[in-house]
file protein_30.txt (compact mmCIF, C-alpha atoms and all ligand atoms)
# COMPACT_ATOMS: atom_id res chain seq x y z
CA MET A 982 -50.22 8.18 43.78
CA SER A 983 -49.82 5.22 46.13
CA THR A 984 -50.99 5.32 49.72
CA ILE A 985 -50.40 3.28 52.84
CA PHE A 986 -53.18 0.96 51.65
CA SER A 987 -51.04 -0.16 48.69
CA LYS A 988 -48.40 -1.24 51.19
CA ILE A 989 -51.05 -3.19 53.11
CA ILE A 990 -52.17 -4.89 49.87
CA ALA A 991 -48.52 -5.75 49.12
CA LYS A 992 -48.08 -7.03 52.73
CA GLU A 993 -45.22 -4.56 53.16
CA ILE A 994 -46.80 -3.29 56.38
CA PRO A 995 -48.95 -5.33 58.75
CA ALA A 996 -52.71 -5.15 59.01
CA ASP A 997 -55.37 -7.29 60.65
CA ILE A 998 -56.71 -8.73 57.40
CA VAL A 999 -60.14 -10.35 57.67
CA TYR A 1000 -60.81 -11.08 53.98
CA GLU A 1001 -58.92 -11.15 50.68
CA ASP A 1002 -59.69 -12.20 47.13
CA ASP A 1003 -58.58 -11.22 43.63
CA LEU A 1004 -60.44 -7.89 43.66
CA VAL A 1005 -60.63 -6.63 47.24
CA LEU A 1006 -58.98 -6.68 50.64
CA ALA A 1007 -60.62 -6.08 54.04
CA PHE A 1008 -58.79 -5.25 57.26
CA ARG A 1009 -59.53 -3.73 60.67
CA ASP A 1010 -59.19 0.04 60.97
CA ILE A 1011 -56.16 1.07 63.00
CA ALA A 1012 -58.27 3.60 64.97
CA PRO A 1013 -61.67 1.91 65.33
CA GLN A 1014 -64.69 4.18 65.80
CA ALA A 1015 -66.98 1.29 66.77
CA PRO A 1016 -66.58 -2.30 68.08
CA THR A 1017 -66.52 -3.44 64.45
CA HIS A 1018 -64.66 -1.07 62.15
CA ILE A 1019 -63.34 -2.66 59.01
CA LEU A 1020 -62.05 -1.08 55.81
CA ILE A 1021 -62.84 -2.84 52.55
CA ILE A 1022 -60.78 -1.66 49.60
CA PRO A 1023 -60.44 -2.48 45.90
CA LYS A 1024 -56.97 -3.75 45.05
CA ARG A 1025 -56.75 -1.32 42.16
CA GLU A 1026 -55.56 2.08 43.32
CA ILE A 1027 -58.69 4.19 42.87
CA ALA A 1028 -58.02 7.55 44.53
CA SER A 1029 -61.60 8.43 45.39
CA ALA A 1030 -65.22 7.92 44.45
CA ASN A 1031 -64.61 10.56 41.77
CA ASP A 1032 -62.22 8.22 40.00
CA VAL A 1033 -64.28 5.08 39.56
CA ARG A 1034 -64.52 3.59 36.06
CA ALA A 1035 -67.00 1.25 34.45
CA ASP A 1036 -64.43 -1.55 34.61
CA ASP A 1037 -64.27 -1.12 38.40
CA GLU A 1038 -67.88 -2.20 38.80
CA ALA A 1039 -67.02 -5.80 39.70
CA ALA A 1040 -64.64 -4.68 42.45
CA LEU A 1041 -67.03 -2.00 43.70
CA GLY A 1042 -69.89 -4.48 43.84
CA ARG A 1043 -67.61 -6.88 45.67
CA LEU A 1044 -67.17 -4.27 48.43
CA PHE A 1045 -70.85 -4.77 49.28
CA THR A 1046 -70.89 -8.55 49.14
CA VAL A 1047 -67.79 -8.70 51.32
CA ALA A 1048 -69.29 -6.18 53.76
CA ALA A 1049 -72.40 -8.36 54.10
CA LYS A 1050 -70.26 -11.48 54.61
CA ILE A 1051 -68.09 -9.85 57.29
CA ALA A 1052 -71.13 -8.34 59.04
CA ALA A 1053 -72.66 -11.81 59.25
CA GLU A 1054 -69.42 -13.33 60.52
CA ASP A 1055 -69.00 -10.58 63.13
CA GLY A 1056 -72.59 -11.12 64.31
CA ILE A 1057 -73.72 -7.56 63.57
CA ALA A 1058 -75.91 -8.18 60.52
CA GLU A 1059 -79.19 -8.50 62.40
CA ASP A 1060 -78.73 -5.41 64.59
CA GLY A 1061 -77.38 -3.48 61.63
CA TYR A 1062 -74.35 -1.43 60.67
CA ARG A 1063 -73.23 1.49 58.55
CA LEU A 1064 -71.27 1.53 55.29
CA ILE A 1065 -69.46 4.78 54.48
CA VAL A 1066 -67.34 5.95 51.55
CA ASN A 1067 -65.80 9.39 52.17
CA CYS A 1068 -64.79 11.51 49.18
CA ASN A 1069 -62.34 14.43 49.18
CA ALA A 1070 -62.28 17.32 51.62
CA HIS A 1071 -65.97 17.80 52.35
CA GLY A 1072 -66.39 14.05 52.76
CA GLY A 1073 -63.51 13.95 55.24
CA GLN A 1074 -61.39 11.57 53.16
CA GLU A 1075 -57.90 11.12 54.60
CA VAL A 1076 -56.50 8.19 52.64
CA PHE A 1077 -56.75 8.59 48.88
CA HIS A 1078 -57.31 4.96 48.03
CA LEU A 1079 -61.05 4.41 47.83
CA HIS A 1080 -62.34 2.42 50.80
CA MET A 1081 -65.63 1.41 52.34
CA HIS A 1082 -65.92 1.65 56.13
CA LEU A 1083 -67.98 -1.09 57.79
CA LEU A 1084 -69.01 0.14 61.23
CA GLY A 1085 -71.18 -1.63 63.78
CA GLY A 1086 -71.44 -3.38 67.10
CA ARG A 1087 -73.24 -0.49 68.78
CA SER A 1088 -75.99 1.96 67.90
CA LEU A 1089 -74.35 4.56 65.66
CA GLY A 1090 -76.94 7.31 66.01
CA PRO A 1091 -77.99 9.66 63.23
CA MET A 1092 -75.96 9.61 60.04
CA LEU A 1093 -74.71 13.19 60.46
CA ALA A 1094 -74.33 15.36 63.52
CA ARG A 1095 -77.47 17.47 63.81
CA LYS A 1096 -77.00 21.10 64.74
P1 LIG B 1 -61.04 8.17 55.53
O1 LIG B 1 -61.11 9.34 56.47
O2 LIG B 1 -60.00 8.39 54.45
O3 LIG B 1 -62.36 7.75 55.00
O4 LIG B 1 -60.57 6.96 56.43
C1 LIG B 1 -59.27 6.49 56.50
C2 LIG B 1 -59.23 5.43 57.58
O5 LIG B 1 -58.02 4.71 57.45
C3 LIG B 1 -59.26 5.99 58.99
O6 LIG B 1 -60.38 5.45 59.67
C4 LIG B 1 -57.92 5.54 59.59
O7 LIG B 1 -58.02 5.19 60.95
C5 LIG B 1 -57.56 4.36 58.71
N1 LIG B 1 -56.14 4.12 58.58
C6 LIG B 1 -55.20 5.05 58.25
N2 LIG B 1 -53.97 4.50 58.19
C7 LIG B 1 -54.15 3.18 58.48
C8 LIG B 1 -53.24 2.07 58.58
O8 LIG B 1 -52.03 2.19 58.37
N3 LIG B 1 -53.78 0.87 58.91
C9 LIG B 1 -55.12 0.71 59.12
N4 LIG B 1 -55.54 -0.53 59.43
N5 LIG B 1 -56.00 1.72 59.04
C10 LIG B 1 -55.52 2.95 58.73
call {"tool": "encode", "arguments": {"input": "protein_30.txt", "output": "structure tokens"}}
result
Amino acid sequence: MSTIFSKIIAKEIPADIVYEDDLVLAFRDIAPQAPTHILIIPKREIASANDVRADDEAALGRLFTVAAKIAAEDGIAEDGYRLIVNCNAHGGQEVFHLHMHLLGGRSLGPMLARK
């Protein structure tokens, strides 16, 4: 099932695209949670991390190389950043087109809220 991200890939709705190649697209999150908040997505419609296939490995690896490239360009590589892939309900996934969040530009604190 297609999501809003397919429309962004097809340029049917606008997005602040920061990187594109044959396998992946990266654009700024519409509701940024940090000074840098970019979503990096495979162009193939993969619903979630549960749905990855062996032939997605090139695109999934590309998510990391593009994240590193953007982090360097945004000047956050040295201080550091966080890469997140949410999956299904317990992971808090809202858009069912697999995506990697690249978050940085401030200290992000512990990975999960500690109770
Ligand atoms: P998830 O919770 O699924 O891991 O994250 C989905 C992310 O997509 C959220 O951070 C949300 O702000 C972002 N998002 C949802 N719709 C749009 C959109 O139309 N454009 C952009 N740029 N980001 C979106």
call {"tool": "closest_atom_pairs", "arguments": {"input": "protein_30.txt", "of": "chain A", "to": "ligand LIG 1 (chain B)", "cutoff": "8 Å", "atoms": "only C-alpha atoms and all ligand atoms", "output": "tab-separated table"}}
result
residue	atom	partner	partner_atom	distance
A:Ile985	CA	B:LIG1	O8	5.9
A:Phe986	CA	B:LIG1	O8	6.9
A:Ile989	CA	B:LIG1	O8	7.6
A:Ile994	CA	B:LIG1	O8	7.8
A:Pro995	CA	B:LIG1	N3	7.9
A:Ala996	CA	B:LIG1	N4	5.4
A:Asp997	CA	B:LIG1	N4	6.9
A:Phe1008	CA	B:LIG1	N4	6.1
A:Arg1009	CA	B:LIG1	N4	5.3
A:Asp1010	CA	B:LIG1	N4	4.0
A:Ile1011	CA	B:LIG1	N4	4.0
A:Ala1012	CA	B:LIG1	O7	4.3
A:Pro1013	CA	B:LIG1	O7	6.6
A:Gln1014	CA	B:LIG1	O6	7.6
A:Leu1020	CA	B:LIG1	O5	7.2
A:Ile1065	CA	B:LIG1	O3	7.7
A:Val1066	CA	B:LIG1	O3	6.3
A:Asn1067	CA	B:LIG1	O3	4.7
A:Cys1068	CA	B:LIG1	O3	7.3
A:Gly1072	CA	B:LIG1	O3	7.8
A:Gly1073	CA	B:LIG1	O1	5.3
A:Gln1074	CA	B:LIG1	O2	3.7
A:Glu1075	CA	B:LIG1	O2	3.4
A:Val1076	CA	B:LIG1	O2	3.9
A:Phe1077	CA	B:LIG1	O2	6.5
A:His1078	CA	B:LIG1	O2	7.8
A:Leu1079	CA	B:LIG1	O2	7.8
A:His1080	CA	B:LIG1	O3	6.8
A:Met1081	CA	B:LIG1	O3	7.6
A:His1082	CA	B:LIG1	O3	7.2
call {"tool": "residues_around", "arguments": {"input": "protein_30.txt", "residues": "Glu1054 (chain A)", "least_positions_apart": "4", "cutoff": "12 Å", "atoms": "all atoms listed in the file", "output": "ChimeraX atom specification"}}
result
/A:999-1000,1017,1047-1050,1058-1059
call {"tool": "atom_distance", "arguments": {"input": "protein_30.txt", "atom1": "CA of Ala1028 (chain A)", "atom2": "CA of Phe1045 (chain A)"}}
result
18.4 Å
call {"tool": "residues_around", "arguments": {"input": "protein_30.txt", "residues": "Ser987 (chain A)", "least_positions_apart": "4", "cutoff": "8 Å", "atoms": "all atoms listed in the file", "output": "list of chain:residue names"}}
result
A:Ser983, A:Ala991, A:Lys1024, A:Glu1026
call {"tool": "write_last_selection", "arguments": {"input": "protein_30.txt", "atoms": "C-alpha atoms", "output": "PDB file, in the coordinates of the input"}}
result
ATOM      1  CA  SER A 983     -49.820   5.220  46.130  1.00  0.00           C
ATOM      2  CA  ALA A 991     -48.520  -5.750  49.120  1.00  0.00           C
ATOM      3  CA  LYS A1024     -56.970  -3.750  45.050  1.00  0.00           C
ATOM      4  CA  GLU A1026     -55.560   2.080  43.320  1.00  0.00           C
TER       5      GLU A1026
END
call {"tool": "atom_distance", "arguments": {"input": "protein_30.txt", "atom1": "CA of Gly1061 (chain A)", "atom2": "CA of Ser1088 (chain A)"}}
result
8.4 Å
call {"tool": "atom_distance", "arguments": {"input": "protein_30.txt", "atom1": "CA of Ser1029 (chain A)", "atom2": "CA of Thr984 (chain A)"}}
result
11.9 Å
call {"tool": "residues_near_point", "arguments": {"input": "protein_30.txt", "point": "(-70.2, -11.0, 68.1)", "cutoff": "12 Å", "atoms": "all atoms listed in the file", "output": "MDAnalysis selection string"}}
result
chainID A and resid 1016:1017 1051:1060 1085:1087
call {"tool": "axis_aligned_box", "arguments": {"input": "protein_30.txt", "around": "region 1030-1047 of chain A", "padding_each_side": "6 Å", "output": "JSON"}}
result
{"center_x": -66.6, "center_y": 0.9, "center_z": 42.9, "size_x": 20.7, "size_y": 31.3, "size_z": 28.9}
call {"tool": "residues_around", "arguments": {"input": "protein_30.txt", "residues": "Arg1043 (chain A)", "least_positions_apart": "2", "cutoff": "10 Å", "atoms": "all atoms listed in the file", "output": "list of chain:residue names"}}
result
A:Asp1002, A:Leu1004, A:Val1005, A:Leu1006, A:Ile1021, A:Ile1022, A:Pro1023, A:Asp1037, A:Glu1038, A:Ala1039, A:Ala1040, A:Leu1041, A:Phe1045, A:Thr1046, A:Val1047, A:Ala1048, A:Ala1049
call {"tool": "closest_residue", "arguments": {"input": "protein_30.txt", "among": "A:Ala1070, A:Tyr1062, A:Asp1032, A:Ile998", "to": "Pro1091 (chain A)", "atoms": "all atoms listed in the file"}}
result
A:Tyr1062
call {"tool": "build_atoms", "arguments": {"input": "protein_30.txt", "residues": "region 1030-1056 of chain A", "atoms": "N, CA, C and O atoms", "output": "mmCIF file, in the frame of the given file"}}
result
data_model
loop_
_atom_site.group_PDB
_atom_site.id
_atom_site.type_symbol
_atom_site.label_atom_id
_atom_site.label_comp_id
_atom_site.auth_asym_id
_atom_site.auth_seq_id
_atom_site.Cartn_x
_atom_site.Cartn_y
_atom_site.Cartn_z
ATOM 1 N N ALA A 1030 -63.981 8.251 45.154
ATOM 2 C CA ALA A 1030 -65.220 7.920 44.450
ATOM 3 C C ALA A 1030 -65.334 8.699 43.137
ATOM 4 O O ALA A 1030 -66.079 8.297 42.237
ATOM 5 N N ASN A 1031 -64.609 9.796 43.023
ATOM 6 C CA ASN A 1031 -64.610 10.560 41.770
ATOM 7 C C ASN A 1031 -63.903 9.832 40.642
ATOM 8 O O ASN A 1031 -64.030 10.231 39.481
ATOM 9 N N ASP A 1032 -63.123 8.829 40.974
ATOM 10 C CA ASP A 1032 -62.220 8.220 40.000
ATOM 11 C C ASP A 1032 -62.629 6.816 39.585
ATOM 12 O O ASP A 1032 -61.840 6.103 38.974
ATOM 13 N N VAL A 1033 -63.854 6.428 39.925
ATOM 14 C CA VAL A 1033 -64.280 5.080 39.560
ATOM 15 C C VAL A 1033 -64.561 4.998 38.057
ATOM 16 O O VAL A 1033 -64.988 5.974 37.430
ATOM 17 N N ARG A 1034 -64.298 3.833 37.481
ATOM 18 C CA ARG A 1034 -64.520 3.590 36.060
ATOM 19 C C ARG A 1034 -65.492 2.431 35.911
ATOM 20 O O ARG A 1034 -65.688 1.641 36.832
ATOM 21 N N ALA A 1035 -66.047 2.335 34.714
ATOM 22 C CA ALA A 1035 -67.000 1.250 34.450
ATOM 23 C C ALA A 1035 -66.343 -0.113 34.718
ATOM 24 O O ALA A 1035 -67.006 -1.026 35.241
ATOM 25 N N ASP A 1036 -65.062 -0.236 34.400
ATOM 26 C CA ASP A 1036 -64.430 -1.550 34.610
ATOM 27 C C ASP A 1036 -64.061 -1.806 36.076
ATOM 28 O O ASP A 1036 -63.471 -2.832 36.401
ATOM 29 N N ASP A 1037 -64.406 -0.882 36.958
ATOM 30 C CA ASP A 1037 -64.270 -1.120 38.400
ATOM 31 C C ASP A 1037 -65.542 -1.709 39.013
ATOM 32 O O ASP A 1037 -65.574 -2.005 40.210
ATOM 33 N N GLU A 1038 -66.594 -1.845 38.210
ATOM 34 C CA GLU A 1038 -67.880 -2.200 38.800
ATOM 35 C C GLU A 1038 -67.854 -3.555 39.511
ATOM 36 O O GLU A 1038 -68.503 -3.720 40.558
ATOM 37 N N ALA A 1039 -67.094 -4.494 39.022
ATOM 38 C CA ALA A 1039 -67.020 -5.800 39.700
ATOM 39 C C ALA A 1039 -66.396 -5.636 41.087
ATOM 40 O O ALA A 1039 -66.906 -6.172 42.081
ATOM 41 N N ALA A 1040 -65.310 -4.889 41.157
ATOM 42 C CA ALA A 1040 -64.640 -4.680 42.450
ATOM 43 C C ALA A 1040 -65.526 -3.863 43.394
ATOM 44 O O ALA A 1040 -65.617 -4.170 44.595
ATOM 45 N N LEU A 1041 -66.186 -2.851 42.849
ATOM 46 C CA LEU A 1041 -67.030 -2.000 43.700
ATOM 47 C C LEU A 1041 -68.242 -2.767 44.208
ATOM 48 O O LEU A 1041 -68.648 -2.617 45.377
ATOM 49 N N GLY A 1042 -68.803 -3.607 43.382
ATOM 50 C CA GLY A 1042 -69.890 -4.480 43.840
ATOM 51 C C GLY A 1042 -69.410 -5.449 44.888
ATOM 52 O O GLY A 1042 -70.123 -5.750 45.862
ATOM 53 N N ARG A 1043 -68.194 -5.931 44.721
ATOM 54 C CA ARG A 1043 -67.610 -6.880 45.670
ATOM 55 C C ARG A 1043 -67.477 -6.247 47.062
ATOM 56 O O ARG A 1043 -67.577 -6.945 48.080
ATOM 57 N N LEU A 1044 -67.247 -4.924 47.124
ATOM 58 C CA LEU A 1044 -67.170 -4.270 48.430
ATOM 59 C C LEU A 1044 -68.427 -4.559 49.244
ATOM 60 O O LEU A 1044 -68.369 -4.813 50.445
ATOM 61 N N PHE A 1045 -69.588 -4.529 48.578
ATOM 62 C CA PHE A 1045 -70.850 -4.770 49.280
ATOM 63 C C PHE A 1045 -71.026 -6.229 49.671
ATOM 64 O O PHE A 1045 -71.482 -6.520 50.790
ATOM 65 N N THR A 1046 -70.694 -7.149 48.777
ATOM 66 C CA THR A 1046 -70.890 -8.550 49.140
ATOM 67 C C THR A 1046 -69.941 -8.967 50.258
ATOM 68 O O THR A 1046 -70.309 -9.745 51.143
ATOM 69 N N VAL A 1047 -68.745 -8.392 50.244
ATOM 70 C CA VAL A 1047 -67.790 -8.700 51.320
ATOM 71 C C VAL A 1047 -68.245 -8.050 52.627
ATOM 72 O O VAL A 1047 -68.137 -8.649 53.702
ATOM 73 N N ALA A 1048 -68.773 -6.832 52.547
ATOM 74 C CA ALA A 1048 -69.290 -6.180 53.760
ATOM 75 C C ALA A 1048 -70.389 -7.033 54.392
ATOM 76 O O ALA A 1048 -70.403 -7.242 55.614
ATOM 77 N N ALA A 1049 -71.304 -7.535 53.575
ATOM 78 C CA ALA A 1049 -72.400 -8.360 54.100
ATOM 79 C C ALA A 1049 -71.855 -9.643 54.727
ATOM 80 O O ALA A 1049 -72.326 -10.093 55.788
ATOM 81 N N LYS A 1050 -70.865 -10.237 54.094
ATOM 82 C CA LYS A 1050 -70.260 -11.480 54.610
ATOM 83 C C LYS A 1050 -69.578 -11.226 55.961
ATOM 84 O O LYS A 1050 -69.775 -11.985 56.915
ATOM 85 N N ILE A 1051 -68.802 -10.154 56.043
ATOM 86 C CA ILE A 1051 -68.090 -9.850 57.290
ATOM 87 C C ILE A 1051 -69.087 -9.492 58.394
ATOM 88 O O ILE A 1051 -68.922 -9.898 59.552
ATOM 89 N N ALA A 1052 -70.113 -8.716 58.039
ATOM 90 C CA ALA A 1052 -71.130 -8.340 59.040
ATOM 91 C C ALA A 1052 -71.779 -9.597 59.621
ATOM 92 O O ALA A 1052 -71.984 -9.695 60.844
ATOM 93 N N ALA A 1053 -72.075 -10.558 58.770
ATOM 94 C CA ALA A 1053 -72.660 -11.810 59.250
ATOM 95 C C ALA A 1053 -71.681 -12.547 60.154
ATOM 96 O O ALA A 1053 -72.050 -13.025 61.247
ATOM 97 N N GLU A 1054 -70.439 -12.621 59.738
ATOM 98 C CA GLU A 1054 -69.420 -13.330 60.520
ATOM 99 C C GLU A 1054 -69.175 -12.650 61.868
ATOM 100 O O GLU A 1054 -68.900 -13.317 62.863
ATOM 101 N N ASP A 1055 -69.239 -11.320 61.889
ATOM 102 C CA ASP A 1055 -69.000 -10.580 63.130
ATOM 103 C C ASP A 1055 -70.251 -10.528 64.010
ATOM 104 O O ASP A 1055 -70.201 -9.968 65.106
ATOM 105 N N GLY A 1056 -71.365 -11.063 63.514
ATOM 106 C CA GLY A 1056 -72.590 -11.120 64.310
ATOM 107 C C GLY A 1056 -73.304 -9.786 64.435
ATOM 108 O O GLY A 1056 -74.055 -9.570 65.388
#
